[in-house]
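Worksheet: one structure, shown below.
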Protein chains: 2
Amino acid sequence: MNSFTALNIFREQLKKYVDFNEAEWILFTQHLTLSNLKKKHYFAEQGKVCDKVGFIVKGAVRYFHVKDGEEITGYFSFENEYLSSYKSYLTGQPSLTYIQALEDTKLITFTKKDMDQMLNNPMLAYKMERFGRLIAEDYLICYEDRIAAFITQTPEERYLQLLNTGREILQRMPQHYIANYLGITPVSLSRIRKRILETVK
Amino acid sequence: MNSFTALNIFREQLKKYVDFNEAEWILFTQHLTLSNLKKKHYFAEQGKVCDKVGFIVKGAVRYFHVKDGEEITGYFSFENEYLSSYKSYLTGQPSLTYIQALEDTKLITFTKKDMDQMLNNPMLAYKMERFGRLIAEDYLICYEDRIAAFITQTPEERYLQLLNTGREILQRMPQHYIANYLGITPVSLSRIRKRILETVK
DNA sequence: TCAAATTCTTATCTTTTGTTAACGTTTTCA
DNA sequence: TGAAAACGTTAACAAAAGATAAGAATTTGA
């Protein structure tokens with residue numbers, strides 16, 4: 001895959017959000033960077049400001065916290081999704097999470113500085129505001145469901161729901177990451193799986 | 001408090017997000033409604049589409065789910081905050097939560113239809129995109145912390161964190177709502193409080 | 001290729017939470 | 001104002017989750 005292919009994939013996905021004309025597209029792409037994040041390398045690190053947003057052309061990443069020396073995986077992003085330590089990006093505060101490539105990952109990124117320049121450029125401002133709004137709203141929808149699951153469901157119910165809706169996570173992530181994502185320990189998830197199997201019998 | 005006072009409060013808070021000139025402000029306010037939500041009345045209901053966003057001038061609301069006939073409180077909003085069953089508002093799908101006034105509450109609201117009209121009005125589009133972006137981003141920041149707390153902290157740690165940062169919730173909400181908000185039962189929170197008291201001694 | 005690391009399960013024990021019910025206190029509102 | 005509802009604590013028991021460790025199977029990577 002060359003850089004033109006990557007850019008076309010990004011442009012295709014972007015149509016969902018914003019319709020750039022050719023002049024705008026040229027301006028916009030001047031602020032984009034194509035980058036490769038090798039497996040196990042970091043897009044964001046705890047304690048450091050994450051000043052950029054990425055779009056995953058190919059690959060996958062996981063978000064994790066470190067608590068008492070242990071890694072706790074909280075989220076994943078895959079192809080055609082955006083990734084950032086969003087709060088850090090928006091506020092300029094140090095990131096609370098690491099974001100790590102789970103495989104060699106091809107990204108299109110832009111920095112906060114570039115985004116601010118575009119937001120201040122009358123040629124792009126309107127469409128960048130819209131772009132930012134729609135990305136944030138997409139995240140919001142996803143987060144709202146996630147919080148509701150923690151409030152109203154037991155770990156077992158959350159896992160059953162993931163079985164119905166989380167094909168990509170289930171197929172691509174090891175079980176102990178999934179356990180963290182559900183808010184429980186790997187040992188506990190193993191027991192829940194056993195319980196479910198015995199119920200089905 | 002009359003409607004002019006309410007509007008001024010809203011305008012003052014809005015400055016954080018968007019700077020309207022007089023002509024724009026007049027257009028914008030034509031799409032706003034001032035409403036009073038009596039105690040225990042609903043701003044949104046489970047199963048019904050929530051097609052509006054509100055700004056709380058005075059009062060407070062709680063969000064709750066109903067599961068197995070039980071109310072589970074998931075969130076609160078107070079003065080100078082926005083409220084909506086956001087996913088329902090954005091997607092047009094039925095709301096998963098109720099939003100109920102905890103006291104007589106004075107709101108400034110706009111509907112999805114009004115917002116869409118403003119987004120399509122060249123005189124307002126740019127600033128409304130910005131307004132929408134900044135609201136969504138503010139929510140995002142708050143949700144990110146909330147999810148991180150569920151992933152990385154025990155219920156006791158979440159309560160201790162609330163003691164440090166959640167003055168308004170602690171002062172204005174009964175304990176069994178707070179328990180739900182933390183993802184545990186009221187009985188369990190009562191025990192956690194006892195445990196903490198005994199540790200302090 | 002092969003030793004090391006990772007992953008998942010299982011077992012044991014401890015801790016915490018959920019459930020239900022009872023009780024006294026406070027608040028609500030007709 | 002007075003009965004009903006709501007609220008917080010406590011107790012007892014059951015269910016679930018956490019911590020730790022061991023062991024087998026798989027994957028990784030030098």
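Following the order of the structure tokens, first chain is A, next is B, and so on, with residues numbered from 1 inside each chain and ligands from 1 in the order they appear.
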Could you list, with a cut-off of 8 Å and counting only C-alpha atoms, the residues of chain B near chain A, each shown with its nearest atom pair and the distance in Å rounded to one decimal, rows sorted by chain and ascending number, as a tab-separated table?
```
residue	atom	partner	partner_atom	distance
B:His65	CA	A:Thr152	CA	7.4
B:Lys67	CA	A:Thr152	CA	7.2
B:Ile72	CA	A:Thr152	CA	6.9
B:Gly74	CA	A:Ile151	CA	6.3
B:Tyr86	CA	A:Ile141	CA	7.3
B:Lys87	CA	A:Ile141	CA	5.1
B:Leu90	CA	A:Glu137	CA	7.8
B:Ala125	CA	A:Tyr126	CA	7.9
B:Tyr126	CA	A:Tyr126	CA	5.1
B:Glu129	CA	A:Arg130	CA	5.4
B:Arg130	CA	A:Glu129	CA	5.4
B:Gly132	CA	A:Arg133	CA	6.0
B:Arg133	CA	A:Arg133	CA	3.8
B:Leu134	CA	A:Arg133	CA	7.4
B:Ala136	CA	A:Ala136	CA	5.7
B:Glu137	CA	A:Ala136	CA	5.8
B:Tyr139	CA	A:Leu140	CA	7.3
B:Leu140	CA	A:Leu140	CA	6.0
B:Ile141	CA	A:Lys87	CA	5.1
B:Tyr143	CA	A:Tyr143	CA	6.6
B:Glu144	CA	A:Lys87	CA	7.3
B:Arg146	CA	A:Ile147	CA	7.6
B:Ile147	CA	A:Ile147	CA	6.4
B:Ala148	CA	A:Gly74	CA	7.3
B:Phe150	CA	A:Gly183	CA	6.4
B:Ile151	CA	A:Gly183	CA	4.8
B:Thr152	CA	A:Ile72	CA	6.9
B:Asn180	CA	A:Ile151	CA	6.7
B:Tyr181	CA	A:Ile151	CA	6.8
B:Leu182	CA	A:Ile151	CA	7.5
B:Gly183	CA	A:Ile151	CA	4.8
B:Ile184	CA	A:Ile151	CA	7.8
```
Set out as a tab-separated table a contact list for chain C and chain A with a cut-off of 9 Å, giving each residue of chain C that qualifies its closest atom pair and distance in Å to one decimal, counting only C-alpha atoms (C1' of nucleotides), ordered by chain and rising residue number.
```
residue	atom	partner	partner_atom	distance
C:DT7	C1'	A:Pro174	CA	7.7
C:DC8	C1'	A:Ser190	CA	7.7
C:DT9	C1'	A:Ser190	CA	7.1
```
Requested in this report: Find the residues around range 49-54 of chain A up to 10 Å (only C-alpha atoms (C1' of nucleotides) counted), leave out those fewer than 3 positions away in its own chain, and share them as an NGL selection string.
Outcome: :A and (32-35 or 43-46 or 57 or 81-99 or 106-115)
Any chance you could tabulate, as CSV, the residues of chain D at most 12 Å from chain A with each one's nearest atom pair and distance in Å to one decimal, using only C-alpha atoms (C1' of nucleotides), in chain and rising number order?
```
residue,atom,partner,partner_atom,distance
D:DA16,C1',A:Ser188,CA,8.9
D:DA17,C1',A:Ser188,CA,6.5
D:DG18,C1',A:Thr185,CA,7.7
D:DA19,C1',A:Val187,CA,9.9
D:DT20,C1',A:Val187,CA,10.9
D:DT27,C1',A:Pro174,CA,11.9
```
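The two atoms in question, CA of Ile196 in chain B and CA of Glu70 in chain B, are spaced 27.8 Å apart.
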Output chain B, superimposed onto chain A using in-order Cα pairs, as an mmCIF file with C-alpha atoms, in the first residue's frame:
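Printed below is selection_27.cif as written:
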```cif
data_model
loop_
_atom_site.group_PDB
_atom_site.id
_atom_site.type_symbol
_atom_site.label_atom_id
_atom_site.label_comp_id
_atom_site.auth_asym_id
_atom_site.auth_seq_id
_atom_site.Cartn_x
_atom_site.Cartn_y
_atom_site.Cartn_z
ATOM 1 C CA MET B 1 -0.033 -0.006 -0.049
ATOM 2 C CA ASN B 2 1.458 3.352 -0.997
ATOM 3 C CA SER B 3 0.644 6.756 0.428
ATOM 4 C CA PHE B 4 -1.897 7.510 -2.315
ATOM 5 C CA THR B 5 -3.874 4.402 -1.467
ATOM 6 C CA ALA B 6 -3.857 5.322 2.225
ATOM 7 C CA LEU B 7 -5.060 8.820 1.467
ATOM 8 C CA ASN B 8 -7.843 7.501 -0.719
ATOM 9 C CA ILE B 9 -9.042 5.199 2.012
ATOM 10 C CA PHE B 10 -9.070 8.130 4.417
ATOM 11 C CA ARG B 11 -10.894 10.354 1.942
ATOM 12 C CA GLU B 12 -13.528 7.701 1.365
ATOM 13 C CA GLN B 13 -14.175 7.324 5.074
ATOM 14 C CA LEU B 14 -14.224 11.096 5.529
ATOM 15 C CA LYS B 15 -17.149 11.460 3.135
ATOM 16 C CA LYS B 16 -19.310 10.211 5.966
ATOM 17 C CA TYR B 17 -18.410 13.416 7.804
ATOM 18 C CA VAL B 18 -17.388 16.212 5.469
ATOM 19 C CA ASP B 19 -17.509 16.856 1.752
ATOM 20 C CA PHE B 20 -14.303 18.630 0.713
ATOM 21 C CA ASN B 21 -13.938 20.222 -2.707
ATOM 22 C CA GLU B 22 -10.618 19.865 -4.485
ATOM 23 C CA ALA B 23 -9.117 23.137 -3.274
ATOM 24 C CA GLU B 24 -10.059 22.373 0.309
ATOM 25 C CA TRP B 25 -8.768 18.848 0.046
ATOM 26 C CA ILE B 26 -5.370 20.082 -1.086
ATOM 27 C CA LEU B 27 -5.184 22.503 1.817
ATOM 28 C CA PHE B 28 -6.326 19.837 4.251
ATOM 29 C CA THR B 29 -3.883 17.183 3.118
ATOM 30 C CA GLN B 30 -0.990 19.598 3.558
ATOM 31 C CA HIS B 31 -1.602 19.229 7.280
ATOM 32 C CA LEU B 32 -1.701 15.438 7.250
ATOM 33 C CA THR B 33 1.157 13.049 7.925
ATOM 34 C CA LEU B 34 1.327 9.425 6.883
ATOM 35 C CA SER B 35 3.146 7.359 9.458
ATOM 36 C CA ASN B 36 3.918 3.794 10.333
ATOM 37 C CA LEU B 37 3.762 2.667 13.920
ATOM 38 C CA LYS B 38 5.698 -0.532 14.440
ATOM 39 C CA LYS B 39 4.247 -3.280 16.608
ATOM 40 C CA LYS B 40 4.594 -2.499 20.340
ATOM 41 C CA HIS B 41 5.518 1.115 19.666
ATOM 42 C CA TYR B 42 3.510 3.875 21.305
ATOM 43 C CA PHE B 43 1.166 6.437 19.827
ATOM 44 C CA ALA B 44 0.631 7.958 23.298
ATOM 45 C CA GLU B 45 2.279 7.445 26.672
ATOM 46 C CA GLN B 46 1.084 7.952 30.209
ATOM 47 C CA GLY B 47 2.449 11.191 31.605
ATOM 48 C CA LYS B 48 3.221 12.710 28.212
ATOM 49 C CA VAL B 49 0.926 15.056 26.317
ATOM 50 C CA CYS B 50 -0.697 13.408 23.304
ATOM 51 C CA ASP B 51 -0.880 16.237 20.794
ATOM 52 C CA LYS B 52 -2.249 14.351 17.817
ATOM 53 C CA VAL B 53 -5.138 12.387 16.383
ATOM 54 C CA GLY B 54 -4.700 9.434 14.070
ATOM 55 C CA PHE B 55 -6.807 7.574 11.569
ATOM 56 C CA ILE B 56 -6.003 3.878 11.231
ATOM 57 C CA VAL B 57 -5.575 2.846 7.612
ATOM 58 C CA LYS B 58 -4.288 -0.602 8.533
ATOM 59 C CA GLY B 59 -3.563 -2.241 11.846
ATOM 60 C CA ALA B 60 -4.873 -2.084 15.396
ATOM 61 C CA VAL B 61 -3.998 -0.475 18.703
ATOM 62 C CA ARG B 62 -4.885 -0.942 22.333
ATOM 63 C CA TYR B 63 -5.264 1.641 25.068
ATOM 64 C CA PHE B 64 -3.990 0.720 28.511
ATOM 65 C CA HIS B 65 -3.423 2.201 31.935
ATOM 66 C CA VAL B 66 -0.653 1.133 34.286
ATOM 67 C CA LYS B 67 -1.740 0.687 37.883
ATOM 68 C CA ASP B 68 0.477 -0.885 40.558
ATOM 69 C CA GLY B 69 2.859 -1.928 37.809
ATOM 70 C CA GLU B 70 0.104 -3.819 35.970
ATOM 71 C CA GLU B 71 -1.192 -3.046 32.507
ATOM 72 C CA ILE B 72 -4.962 -2.650 32.309
ATOM 73 C CA THR B 73 -6.370 -2.576 28.804
ATOM 74 C CA GLY B 74 -9.317 -0.225 28.434
ATOM 75 C CA TYR B 75 -10.030 0.077 24.738
ATOM 76 C CA PHE B 76 -9.111 -0.890 21.205
ATOM 77 C CA SER B 77 -9.175 0.799 17.810
ATOM 78 C CA PHE B 78 -9.108 -0.868 14.403
ATOM 79 C CA GLU B 79 -9.043 -0.011 10.724
ATOM 80 C CA ASN B 80 -11.091 3.030 9.679
ATOM 81 C CA GLU B 81 -11.308 4.310 13.235
ATOM 82 C CA TYR B 82 -9.757 7.340 14.868
ATOM 83 C CA LEU B 83 -7.428 7.117 17.808
ATOM 84 C CA SER B 84 -6.148 9.591 20.316
ATOM 85 C CA SER B 85 -5.767 10.111 24.003
ATOM 86 C CA TYR B 86 -8.577 12.541 23.390
ATOM 87 C CA LYS B 87 -8.677 14.369 26.704
ATOM 88 C CA SER B 88 -4.959 14.966 26.543
ATOM 89 C CA TYR B 89 -5.234 16.151 22.943
ATOM 90 C CA LEU B 90 -8.061 18.547 23.769
ATOM 91 C CA THR B 91 -6.770 19.933 27.043
ATOM 92 C CA GLY B 92 -3.004 19.694 26.649
ATOM 93 C CA GLN B 93 -2.801 17.755 29.910
ATOM 94 C CA PRO B 94 -0.594 14.640 30.217
ATOM 95 C CA SER B 95 -2.198 11.467 28.948
ATOM 96 C CA LEU B 96 -3.517 8.963 31.457
ATOM 97 C CA THR B 97 -3.211 6.075 29.005
ATOM 98 C CA TYR B 98 -0.742 4.428 26.751
ATOM 99 C CA ILE B 99 -1.782 3.707 23.193
ATOM 100 C CA GLN B 100 0.256 0.905 21.678
ATOM 101 C CA ALA B 101 0.291 -0.706 18.243
ATOM 102 C CA LEU B 102 -0.709 -4.378 18.406
ATOM 103 C CA GLU B 103 0.684 -4.960 14.937
ATOM 104 C CA ASP B 104 2.483 -2.815 12.408
ATOM 105 C CA THR B 105 -0.004 -0.005 11.919
ATOM 106 C CA LYS B 106 -0.374 2.533 9.132
ATOM 107 C CA LEU B 107 -1.787 5.866 10.252
ATOM 108 C CA ILE B 108 -2.778 9.230 8.906
ATOM 109 C CA THR B 109 -2.237 11.804 11.646
ATOM 110 C CA PHE B 110 -2.608 15.490 12.308
ATOM 111 C CA THR B 111 -1.357 17.442 15.300
ATOM 112 C CA LYS B 112 -3.284 19.804 17.559
ATOM 113 C CA LYS B 113 -1.181 22.624 16.157
ATOM 114 C CA ASP B 114 -2.179 21.713 12.610
ATOM 115 C CA MET B 115 -5.817 21.378 13.578
ATOM 116 C CA ASP B 116 -5.741 24.790 15.263
ATOM 117 C CA GLN B 117 -4.208 26.291 12.147
ATOM 118 C CA MET B 118 -6.956 24.785 10.030
ATOM 119 C CA LEU B 119 -9.634 25.964 12.453
ATOM 120 C CA ASN B 120 -8.197 29.470 12.080
ATOM 121 C CA ASN B 121 -7.966 29.298 8.302
ATOM 122 C CA PRO B 122 -11.159 30.802 6.829
ATOM 123 C CA MET B 123 -10.845 28.482 3.831
ATOM 124 C CA LEU B 124 -11.133 25.405 6.069
ATOM 125 C CA ALA B 125 -12.584 26.557 9.387
ATOM 126 C CA TYR B 126 -16.196 25.614 8.769
ATOM 127 C CA LYS B 127 -15.456 22.122 7.545
ATOM 128 C CA MET B 128 -12.927 21.442 10.262
ATOM 129 C CA GLU B 129 -15.381 22.466 12.950
ATOM 130 C CA ARG B 130 -17.809 20.031 11.388
ATOM 131 C CA PHE B 131 -15.181 17.312 11.147
ATOM 132 C CA GLY B 132 -14.316 17.791 14.811
ATOM 133 C CA ARG B 133 -17.940 17.794 15.841
ATOM 134 C CA LEU B 134 -18.795 14.581 14.070
ATOM 135 C CA ILE B 135 -15.759 12.717 15.380
ATOM 136 C CA ALA B 136 -16.528 13.803 18.929
ATOM 137 C CA GLU B 137 -20.178 12.867 18.546
ATOM 138 C CA ASP B 138 -19.304 9.406 17.249
ATOM 139 C CA TYR B 139 -17.086 8.825 20.270
ATOM 140 C CA LEU B 140 -19.829 10.116 22.542
ATOM 141 C CA ILE B 141 -22.354 7.615 21.268
ATOM 142 C CA CYS B 142 -19.942 4.791 21.869
ATOM 143 C CA TYR B 143 -18.952 6.000 25.352
ATOM 144 C CA GLU B 144 -22.554 6.469 26.444
ATOM 145 C CA ASP B 145 -23.276 2.787 25.799
ATOM 146 C CA ARG B 146 -20.107 1.753 27.555
ATOM 147 C CA ILE B 147 -20.925 3.697 30.718
ATOM 148 C CA ALA B 148 -24.505 2.422 30.685
ATOM 149 C CA ALA B 149 -23.131 -1.126 30.582
ATOM 150 C CA PHE B 150 -20.997 -0.533 33.672
ATOM 151 C CA ILE B 151 -23.906 1.005 35.555
ATOM 152 C CA THR B 152 -26.659 -1.448 34.661
ATOM 153 C CA GLN B 153 -25.020 -4.754 33.819
ATOM 154 C CA THR B 154 -23.085 -7.460 35.638
ATOM 155 C CA PRO B 155 -19.718 -8.521 34.210
ATOM 156 C CA GLU B 156 -21.374 -11.667 32.849
ATOM 157 C CA GLU B 157 -24.044 -9.623 31.083
ATOM 158 C CA ARG B 158 -21.398 -7.340 29.629
ATOM 159 C CA TYR B 159 -19.546 -10.354 28.260
ATOM 160 C CA LEU B 160 -22.718 -11.820 26.770
ATOM 161 C CA GLN B 161 -23.413 -8.482 25.104
ATOM 162 C CA LEU B 162 -19.896 -8.456 23.703
ATOM 163 C CA LEU B 163 -20.509 -11.930 22.288
ATOM 164 C CA ASN B 164 -23.423 -10.439 20.357
ATOM 165 C CA THR B 165 -21.914 -7.172 19.214
ATOM 166 C CA GLY B 166 -18.135 -7.277 19.538
ATOM 167 C CA ARG B 167 -17.052 -9.666 16.840
ATOM 168 C CA GLU B 168 -13.922 -7.736 15.955
ATOM 169 C CA ILE B 169 -12.705 -7.434 19.532
ATOM 170 C CA LEU B 170 -13.429 -11.097 20.243
ATOM 171 C CA GLN B 171 -11.618 -12.269 17.151
ATOM 172 C CA ARG B 172 -8.592 -10.040 17.327
ATOM 173 C CA MET B 173 -7.885 -9.583 21.031
ATOM 174 C CA PRO B 174 -6.529 -12.039 23.606
ATOM 175 C CA GLN B 175 -8.884 -12.867 26.410
ATOM 176 C CA HIS B 176 -7.052 -11.077 29.199
ATOM 177 C CA TYR B 177 -7.346 -7.775 27.309
ATOM 178 C CA ILE B 178 -11.052 -8.406 26.897
ATOM 179 C CA ALA B 179 -11.355 -9.093 30.630
ATOM 180 C CA ASN B 180 -9.810 -5.703 31.426
ATOM 181 C CA TYR B 181 -12.064 -4.052 28.872
ATOM 182 C CA LEU B 182 -15.063 -5.536 30.702
ATOM 183 C CA GLY B 183 -13.748 -4.271 34.027
ATOM 184 C CA ILE B 184 -12.783 -7.649 35.510
ATOM 185 C CA THR B 185 -9.712 -9.849 35.904
ATOM 186 C CA PRO B 186 -8.692 -12.496 33.367
ATOM 187 C CA VAL B 187 -9.309 -15.242 35.948
ATOM 188 C CA SER B 188 -12.816 -13.992 36.497
ATOM 189 C CA LEU B 189 -13.580 -13.929 32.783
ATOM 190 C CA SER B 190 -12.364 -17.500 32.479
ATOM 191 C CA ARG B 191 -14.846 -18.501 35.188
ATOM 192 C CA ILE B 192 -17.673 -16.587 33.542
ATOM 193 C CA ARG B 193 -16.983 -18.399 30.280
ATOM 194 C CA LYS B 194 -17.086 -21.735 32.076
ATOM 195 C CA ARG B 195 -20.370 -20.779 33.759
ATOM 196 C CA ILE B 196 -21.912 -19.837 30.421
ATOM 197 C CA LEU B 197 -20.781 -23.080 28.797
ATOM 198 C CA GLU B 198 -22.285 -25.118 31.617
ATOM 199 C CA THR B 199 -25.585 -23.212 31.353
ATOM 200 C CA VAL B 200 -25.797 -23.858 27.619
ATOM 201 C CA LYS B 201 -25.325 -27.609 28.099
#
```
Requested in this report: Report as a PyMOL selection string: the residues of chain A with a DSSP assignment of alpha helix (DSSP H), based on the backbone of this structure.
Outcome: chain A and resi 3-14+22-29+86-91+112-119+125-152+155-165+167-172+175-182+186-200
Kindly export the residues of the current selection with C-alpha atoms, as a compact mmCIF listing (two decimals), in the first residue's frame.
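As written to disk, result_35.txt reads:
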```
# COMPACT_ATOMS: atom_id res chain seq x y z
CA SER A 3 0.65 6.75 0.44
CA PHE A 4 -1.88 7.50 -2.30
CA THR A 5 -3.86 4.41 -1.46
CA ALA A 6 -3.85 5.31 2.24
CA LEU A 7 -5.05 8.82 1.48
CA ASN A 8 -7.84 7.50 -0.73
CA ILE A 9 -9.03 5.18 2.02
CA PHE A 10 -9.08 8.12 4.43
CA ARG A 11 -10.89 10.34 1.95
CA GLU A 12 -13.52 7.69 1.34
CA GLN A 13 -14.18 7.33 5.08
CA LEU A 14 -14.23 11.09 5.54
CA GLU A 22 -10.62 19.85 -4.48
CA ALA A 23 -9.13 23.13 -3.26
CA GLU A 24 -10.07 22.37 0.34
CA TRP A 25 -8.78 18.84 0.05
CA ILE A 26 -5.38 20.06 -1.10
CA LEU A 27 -5.18 22.49 1.81
CA PHE A 28 -6.33 19.83 4.25
CA THR A 29 -3.89 17.18 3.11
CA TYR A 86 -8.58 12.53 23.40
CA LYS A 87 -8.69 14.36 26.70
CA SER A 88 -4.96 14.96 26.55
CA TYR A 89 -5.25 16.15 22.94
CA LEU A 90 -8.06 18.54 23.78
CA THR A 91 -6.77 19.92 27.06
CA LYS A 112 -3.29 19.80 17.56
CA LYS A 113 -1.18 22.61 16.15
CA ASP A 114 -2.18 21.71 12.61
CA MET A 115 -5.82 21.37 13.58
CA ASP A 116 -5.75 24.79 15.26
CA GLN A 117 -4.21 26.29 12.13
CA MET A 118 -6.96 24.78 10.02
CA LEU A 119 -9.64 25.96 12.44
CA ALA A 125 -12.58 26.56 9.38
CA TYR A 126 -16.20 25.60 8.78
CA LYS A 127 -15.46 22.11 7.54
CA MET A 128 -12.92 21.44 10.26
CA GLU A 129 -15.39 22.47 12.94
CA ARG A 130 -17.82 20.04 11.39
CA PHE A 131 -15.19 17.32 11.16
CA GLY A 132 -14.32 17.79 14.81
CA ARG A 133 -17.94 17.80 15.86
CA LEU A 134 -18.80 14.58 14.08
CA ILE A 135 -15.76 12.72 15.37
CA ALA A 136 -16.52 13.81 18.93
CA GLU A 137 -20.19 12.88 18.57
CA ASP A 138 -19.31 9.42 17.26
CA TYR A 139 -17.10 8.85 20.28
CA LEU A 140 -19.83 10.13 22.56
CA ILE A 141 -22.37 7.64 21.29
CA CYS A 142 -19.94 4.82 21.89
CA TYR A 143 -18.96 6.03 25.38
CA GLU A 144 -22.56 6.50 26.47
CA ASP A 145 -23.28 2.82 25.82
CA ARG A 146 -20.11 1.79 27.57
CA ILE A 147 -20.93 3.72 30.74
CA ALA A 148 -24.51 2.44 30.71
CA ALA A 149 -23.14 -1.11 30.59
CA PHE A 150 -21.00 -0.51 33.68
CA ILE A 151 -23.92 1.01 35.57
CA THR A 152 -26.66 -1.44 34.67
CA PRO A 155 -19.72 -8.52 34.21
CA GLU A 156 -21.38 -11.66 32.86
CA GLU A 157 -24.04 -9.61 31.09
CA ARG A 158 -21.40 -7.34 29.63
CA TYR A 159 -19.55 -10.35 28.26
CA LEU A 160 -22.72 -11.81 26.76
CA GLN A 161 -23.41 -8.48 25.11
CA LEU A 162 -19.89 -8.44 23.71
CA LEU A 163 -20.51 -11.92 22.27
CA ASN A 164 -23.42 -10.44 20.34
CA THR A 165 -21.90 -7.17 19.20
CA ARG A 167 -17.04 -9.66 16.82
CA GLU A 168 -13.90 -7.73 15.94
CA ILE A 169 -12.68 -7.43 19.52
CA LEU A 170 -13.42 -11.09 20.24
CA GLN A 171 -11.60 -12.27 17.15
CA ARG A 172 -8.58 -10.04 17.33
CA GLN A 175 -8.90 -12.85 26.39
CA HIS A 176 -7.08 -11.07 29.18
CA TYR A 177 -7.34 -7.77 27.31
CA ILE A 178 -11.06 -8.39 26.89
CA ALA A 179 -11.36 -9.07 30.61
CA ASN A 180 -9.81 -5.68 31.42
CA TYR A 181 -12.08 -4.02 28.86
CA LEU A 182 -15.07 -5.51 30.70
CA PRO A 186 -8.69 -12.48 33.36
CA VAL A 187 -9.29 -15.21 35.92
CA SER A 188 -12.79 -13.96 36.48
CA LEU A 189 -13.56 -13.91 32.76
CA SER A 190 -12.36 -17.47 32.46
CA ARG A 191 -14.82 -18.48 35.16
CA ILE A 192 -17.66 -16.57 33.51
CA ARG A 193 -16.98 -18.39 30.25
CA LYS A 194 -17.08 -21.71 32.04
CA ARG A 195 -20.35 -20.79 33.73
CA ILE A 196 -21.89 -19.84 30.39
CA LEU A 197 -20.77 -23.09 28.77
CA GLU A 198 -22.26 -25.12 31.59
CA THR A 199 -25.56 -23.23 31.32
CA VAL A 200 -25.78 -23.89 27.59
```
Requested in this report: For C1' of DT25 in chain C and C1' of DA14 in chain D, determine how far apart the two atoms are, in Å to one decimal place.
Outcome: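 Those two atoms sit 29.3 Å apart.
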Query raised in the report: Hey, can you check how far C1' of DC2 in chain C sits from C1' of DA21 in chain D?
Result: 26.1 Å
Query - All residues 12 Å or closer to DT26 in chain C, only C-alpha atoms (C1' of nucleotides), same chain fewer than 3 positions away omitted, as a list in words - result: DA5, DA6, DC7 and DG8 of chain D
